[in-house]
file start.txt (compact mmCIF, C-alpha atoms)
# COMPACT_ATOMS: atom_id res chain seq x y z
CA MET E 1280 4.53 41.33 74.73
CA ASP E 1281 6.13 44.80 74.80
CA SER E 1282 4.61 47.84 73.16
CA GLN E 1283 6.81 47.63 70.05
CA GLU E 1284 5.81 44.08 69.29
CA TYR E 1285 2.16 45.00 69.79
CA LEU E 1286 2.45 47.86 67.32
CA ASN E 1287 4.20 45.62 64.78
CA GLN E 1288 1.43 43.04 65.07
CA ILE E 1289 -1.26 45.63 64.52
CA SER E 1290 0.64 47.02 61.56
CA ALA E 1291 0.96 43.57 59.98
CA THR E 1292 -2.72 42.81 60.53
CA ASN E 1293 -3.93 46.05 59.01
CA ARG E 1294 -1.45 46.09 56.12
CA PRO E 1295 -3.37 45.60 52.86
CA ALA E 1296 -2.53 42.38 50.99
CA GLN E 1297 -0.33 42.90 48.00
CA LYS E 1298 -2.02 42.31 44.70
CA THR E 1299 -0.33 39.45 42.90
CA SER E 1300 0.02 39.68 39.18
CA GLY E 1301 -0.35 36.58 37.07
CA GLY E 1302 1.81 38.21 34.45
CA PHE E 1303 1.63 37.48 30.74
CA LEU E 1304 0.48 33.87 31.16
CA SER E 1305 -2.80 34.96 32.73
CA SER E 1306 -3.44 37.86 30.39
CA LYS E 1307 -6.19 37.85 27.79
CA TYR E 1308 -3.56 38.31 25.08
CA PHE E 1309 -1.87 35.03 26.00
CA LYS E 1310 -5.22 33.23 25.97
CA ILE E 1311 -5.99 34.62 22.51
CA ILE E 1312 -2.57 33.62 21.16
CA ALA E 1313 -2.75 30.14 22.74
CA GLY E 1314 -6.21 29.59 21.30
CA SER E 1315 -5.08 30.66 17.85
CA LEU E 1316 -2.06 28.36 17.97
CA ALA E 1317 -4.22 25.43 19.05
CA ALA E 1318 -6.62 26.08 16.14
CA ILE E 1319 -3.71 26.25 13.68
CA ILE E 1320 -2.31 22.95 14.99
CA VAL E 1321 -5.70 21.23 14.67
CA ILE E 1322 -6.14 22.50 11.11
CA ALA E 1323 -2.61 21.36 10.22
CA ILE E 1324 -3.25 17.88 11.64
CA ILE E 1325 -6.52 17.53 9.73
CA GLY E 1326 -4.85 18.72 6.54
CA ALA E 1327 -2.01 16.24 7.00
CA ILE E 1328 -4.47 13.40 7.55
CA ILE E 1329 -6.48 14.29 4.45
CA GLY E 1330 -3.38 14.84 2.34
CA GLY E 1331 -1.78 11.67 3.66
CA ALA E 1332 -4.85 9.58 2.88
CA SER E 1333 -4.96 10.93 -0.67
CA GLY E 1334 -1.26 10.32 -1.19
CA ASN E 1335 -1.60 6.86 0.27
CA ILE E 1336 -4.23 5.91 -2.30
CA LYS E 1337 -1.98 7.25 -5.05
CA GLU E 1338 0.98 5.17 -3.90
CA ARG E 1339 -1.16 2.09 -3.38
CA CYS E 1340 -2.46 2.43 -6.94
CA PHE E 1341 1.12 2.67 -8.19
CA ALA E 1342 2.10 -0.39 -6.18
CA LEU E 1343 -0.91 -2.33 -7.45
CA LYS E 1344 -0.11 -1.48 -11.06
CA LEU E 1345 3.49 -2.62 -10.63
CA HIS E 1346 2.38 -5.85 -8.96
CA ILE E 1347 -0.07 -6.61 -11.77
CA ASP E 1348 2.47 -5.80 -14.48
CA ASN E 1349 5.18 -7.91 -12.84
CA THR E 1350 2.82 -10.86 -12.38
CA SER E 1351 1.78 -10.58 -16.03
CA ALA E 1352 5.44 -10.67 -17.08
CA ILE E 1353 6.03 -13.82 -15.01
CA ILE E 1354 2.97 -15.49 -16.54
CA SER E 1355 4.17 -14.68 -20.06
CA LYS E 1356 7.53 -16.27 -19.28
CA TYR E 1357 6.41 -19.47 -17.55
CA GLN E 1358 2.94 -20.27 -18.89
CA GLN E 1359 4.45 -21.95 -21.96
CA TYR E 1360 6.14 -24.54 -19.73
CA VAL E 1361 2.95 -25.54 -17.89
CA LYS E 1362 1.91 -29.09 -18.87
CA SER E 1363 -1.72 -29.22 -17.71
CA PRO E 1364 -4.14 -27.91 -20.38
CA GLU E 1365 -6.59 -26.84 -17.69
CA LEU E 1366 -3.90 -24.94 -15.82
CA ARG E 1367 -2.69 -23.28 -19.04
CA SER E 1368 -6.27 -22.25 -19.80
CA SER E 1369 -6.70 -20.75 -16.34
CA SER E 1370 -3.35 -19.02 -16.70
CA ALA E 1371 -4.41 -17.51 -20.02
CA SER E 1372 -7.60 -16.23 -18.40
CA LEU E 1373 -5.60 -14.75 -15.55
CA SER E 1374 -3.26 -13.07 -18.00
CA GLY E 1375 -6.23 -11.53 -19.81
CA ILE E 1376 -7.79 -10.19 -16.60
CA LEU E 1377 -4.50 -8.69 -15.43
CA SER E 1378 -3.87 -7.15 -18.84
CA ASN E 1379 -7.28 -5.46 -18.87
CA THR E 1380 -6.89 -4.24 -15.29
CA SER E 1381 -3.39 -2.91 -15.99
CA ARG E 1382 -4.59 -1.00 -19.05
CA GLU E 1383 -7.50 0.59 -17.20
CA LEU E 1384 -5.46 1.32 -14.10
CA THR E 1385 -2.67 2.85 -16.18
CA ASP E 1386 -5.16 5.14 -17.90
CA TYR E 1387 -6.58 6.12 -14.51
CA VAL E 1388 -3.30 6.91 -12.72
CA THR E 1389 -1.97 8.73 -15.78
CA THR E 1390 -5.04 10.98 -15.89
CA LYS E 1391 -5.44 11.34 -12.14
CA TYR E 1392 -1.83 11.50 -10.96
CA ASP E 1393 0.16 12.16 -14.16
CA TYR E 1394 1.75 8.75 -13.72
CA LYS E 1395 5.23 8.14 -15.10
CA GLU E 1396 7.53 5.27 -14.21
CA LYS E 1397 10.09 7.69 -12.81
CA SER E 1398 7.43 9.18 -10.53
CA VAL E 1399 7.04 5.93 -8.59
CA PRO E 1400 8.66 6.24 -5.13
CA LYS E 1401 11.90 4.27 -4.90
CA ASN E 1402 10.75 2.12 -1.99
CA ILE E 1403 7.62 1.00 -3.86
CA LEU E 1404 9.64 0.16 -6.97
CA GLU E 1405 12.23 -1.78 -5.00
CA GLU E 1406 9.59 -3.73 -3.10
CA ALA E 1407 7.80 -4.67 -6.33
CA ASN E 1408 11.02 -5.78 -8.02
CA THR E 1409 12.09 -7.81 -5.00
CA ALA E 1410 8.74 -9.64 -4.99
CA LYS E 1411 9.02 -10.29 -8.72
CA ASP E 1412 12.55 -11.66 -8.40
CA GLY E 1413 11.47 -13.94 -5.57
CA LEU E 1414 8.53 -15.34 -7.55
CA GLU E 1415 10.62 -15.87 -10.65
CA SER E 1416 13.31 -17.65 -8.65
CA GLU E 1417 10.79 -20.07 -7.13
CA LEU E 1418 9.23 -20.87 -10.50
CA PHE E 1419 12.65 -21.37 -12.07
CA GLU E 1420 13.57 -23.87 -9.35
CA ALA E 1421 10.23 -25.63 -9.80
CA LYS E 1422 10.77 -25.86 -13.55
CA ILE E 1423 14.21 -27.45 -13.35
CA ASN E 1424 12.95 -29.83 -10.67
CA GLY E 1425 10.00 -30.95 -12.76
CA ILE E 1426 7.28 -29.66 -10.41
CA LEU E 1427 6.34 -26.46 -12.20
CA ASP E 1428 2.60 -27.15 -12.54
CA ARG E 1429 2.04 -27.63 -8.82
CA ILE E 1430 4.19 -24.67 -7.77
CA TYR E 1431 2.84 -22.47 -10.56
CA ALA E 1432 -0.77 -23.12 -9.50
CA HIS E 1433 0.09 -22.45 -5.86
CA LYS E 1434 1.96 -19.24 -6.65
CA MET E 1435 -0.74 -17.88 -8.97
CA ALA E 1436 -3.38 -18.52 -6.31
CA TYR E 1437 -1.19 -16.60 -3.89
CA GLU E 1438 -0.64 -13.73 -6.34
CA ILE E 1439 -4.40 -13.49 -6.89
CA SER E 1440 -4.97 -13.28 -3.14
CA LEU E 1441 -2.36 -10.51 -2.83
CA ILE E 1442 -3.76 -8.51 -5.72
CA THR E 1443 -7.39 -8.82 -4.61
CA SER E 1444 -6.37 -7.85 -1.08
CA SER E 1445 -4.70 -4.70 -2.42
CA GLU E 1446 -7.74 -3.94 -4.59
CA SER E 1447 -10.07 -4.34 -1.62
CA ASN E 1448 -7.88 -2.09 0.51
CA ILE E 1449 -7.87 0.69 -2.08
CA TYR E 1450 -11.59 0.22 -2.80
CA ASN E 1451 -12.47 0.77 0.86
CA SER E 1452 -10.37 3.95 1.00
CA SER E 1453 -11.53 5.67 -2.18
CA LYS E 1454 -14.69 7.39 -3.35
CA ASP E 1455 -13.60 7.84 -6.97
CA LYS E 1456 -16.21 6.07 -9.10
CA THR E 1457 -13.85 5.42 -12.01
CA LEU E 1458 -11.32 3.76 -9.74
CA LEU E 1459 -14.00 1.83 -7.87
CA ASP E 1460 -15.39 0.44 -11.13
CA ILE E 1461 -11.93 -0.73 -12.23
CA LEU E 1462 -11.23 -2.41 -8.90
CA ASN E 1463 -14.65 -3.98 -8.58
CA SER E 1464 -14.51 -5.56 -12.04
CA SER E 1465 -10.99 -6.89 -11.53
CA TYR E 1466 -11.73 -8.19 -8.04
CA ALA E 1467 -14.80 -10.11 -9.17
CA SER E 1468 -13.01 -11.69 -12.14
CA LEU E 1469 -9.96 -12.68 -10.12
CA ASN E 1470 -12.06 -14.06 -7.29
CA ASN E 1471 -13.93 -16.30 -9.72
CA LEU E 1472 -10.64 -17.60 -11.09
CA TYR E 1473 -8.90 -18.13 -7.76
CA HIS E 1474 -10.22 -21.65 -7.12
CA ASN E 1475 -8.96 -22.87 -10.50
CA PHE E 1476 -5.45 -22.41 -9.15
CA ASN E 1477 -6.00 -23.06 -5.47
CA ASP E 1478 -7.82 -26.37 -6.09
CA PHE E 1479 -5.50 -27.52 -8.85
CA SER E 1480 -4.36 -31.14 -8.66
CA GLU E 1481 -1.55 -32.58 -10.71
CA GLY E 1482 -3.75 -35.61 -11.30
CA THR E 1483 -5.85 -33.38 -13.58
CA LYS E 1484 -4.69 -33.79 -17.15

call {"tool": "encode", "arguments": {"input": "start.txt", "output": "structure tokens"}}
result
Amino acid sequence: MDSQEYLNQISATNRPAQKTSGGFLSSKYFKIIAGSLAAIIVIAIIGAIIGGASGNIKERCFALKLHIDNTSAIISKYQQYVKSPELRSSSASLSGILSNTSRELTDYVTTKYDYKEKSVPKNILEEANTAKDGLESELFEAKINGILDRIYAHKMAYEISLITSSESNIYNSSKDKTLLDILNSSYASLNNLYHNFNDFSEGTK
């Protein structure tokens, strides 16, 4: 090793290490800003969840009301053609329960959510009308084929199961006592009536 290389080596060894700068990403200002943004995001997510849950209950109440009203309309149209006295009696009871529930639920959503028919989201309205048209079509076919009683009983049992399922879903998501009372009363009454339709036999006159 010549003298120049020796001097260069000594110089490199004794040269102080350069201080590296982490820049803005490692500064306290960045940490403060990042922390603030994270807090804002968390608050926004929580707010969206809370707001979404509330809106979901509102829309589910609207959908339930439409379902009940549409089922009531179908009953009014086809009950008169039912031959079995027992089935007609059960149908009349069902109509009464749905009418009471609709009235109470309408009062509730009108007070709570300023309900108006035009305020129902389009997708909910379309879904309800599609279900109504499907039910009416099946009952019409059953009527002209002379099997209305059997199909009517089956369909009303099914409608009761759908309605009580919706009521249970809303009940488990809400803490509003007025709404809970409406749902609980309707659910109990419909559940008691369900077997009259589900266990119906055309041999019963």

call {"tool": "closest_residue", "arguments": {"input": "start.txt", "among": "E:Asn1451, E:Asn1463, E:Ser1480, E:Ser1378", "to": "Tyr1431 in chain E", "atoms": "only C-alpha atoms"}}
result
E:Ser1480

call {"tool": "residues_around", "arguments": {"input": "start.txt", "residues": "Ser1416 in chain E", "least_positions_apart": "3", "cutoff": "12 Å", "atoms": "all atoms listed in the file", "output": "PyMOL selection string"}}
result
chain E and resi 1353+1357+1409-1413+1419-1423+1427+1430-1431+1434

call {"tool": "closest_residue", "arguments": {"input": "start.txt", "among": "E:Ala1467, E:Ser1368, E:Leu1345, E:Asp1478", "to": "Lys1395 in chain E", "atoms": "only C-alpha atoms"}}
result
E:Leu1345

call {"tool": "atom_distance", "arguments": {"input": "start.txt", "atom1": "CA of Thr1380 in chain E", "atom2": "CA of Ser1465 in chain E"}}
result
6.2 Å

call {"tool": "residues_around", "arguments": {"input": "start.txt", "residues": "range 1369-1377 of chain E", "least_positions_apart": "6", "cutoff": "9 Å", "atoms": "all atoms listed in the file", "output": "ChimeraX atom specification"}}
result
/E:1347-1348,1350-1351,1354-1355,1358,1432,1435,1439,1465,1468-1469,1472,1475-1476

call {"tool": "closest_residue", "arguments": {"input": "start.txt", "among": "E:Val1388, E:Ile1461, E:Leu1441, E:Leu1414", "to": "Ala1352 in chain E", "atoms": "only C-alpha atoms"}}
result
E:Leu1414

call {"tool": "closest_residue", "arguments": {"input": "start.txt", "among": "E:Glu1481, E:Asp1393, E:Glu1365, E:Glu1438", "to": "Ile1426 in chain E", "atoms": "all atoms listed in the file"}}
result
E:Glu1481

call {"tool": "closest_residue", "arguments": {"input": "start.txt", "among": "E:Ser1363, E:Thr1457, E:Asn1424, E:Asn1471", "to": "Thr1443 in chain E", "atoms": "all atoms listed in the file"}}
result
E:Asn1471

call {"tool": "atom_distance", "arguments": {"input": "start.txt", "atom1": "CA of Glu1383 in chain E", "atom2": "CA of Asp1455 in chain E"}}
result
13.9 Å

call {"tool": "atom_distance", "arguments": {"input": "start.txt", "atom1": "CA of His1433 in chain E", "atom2": "CA of Ser1381 in chain E"}}
result
22.3 Å

call {"tool": "closest_residue", "arguments": {"input": "start.txt", "among": "E:Tyr1437, E:Phe1479, E:Phe1341, E:Tyr1360", "to": "Asn1402 in chain E", "atoms": "only C-alpha atoms"}}
result
E:Phe1341
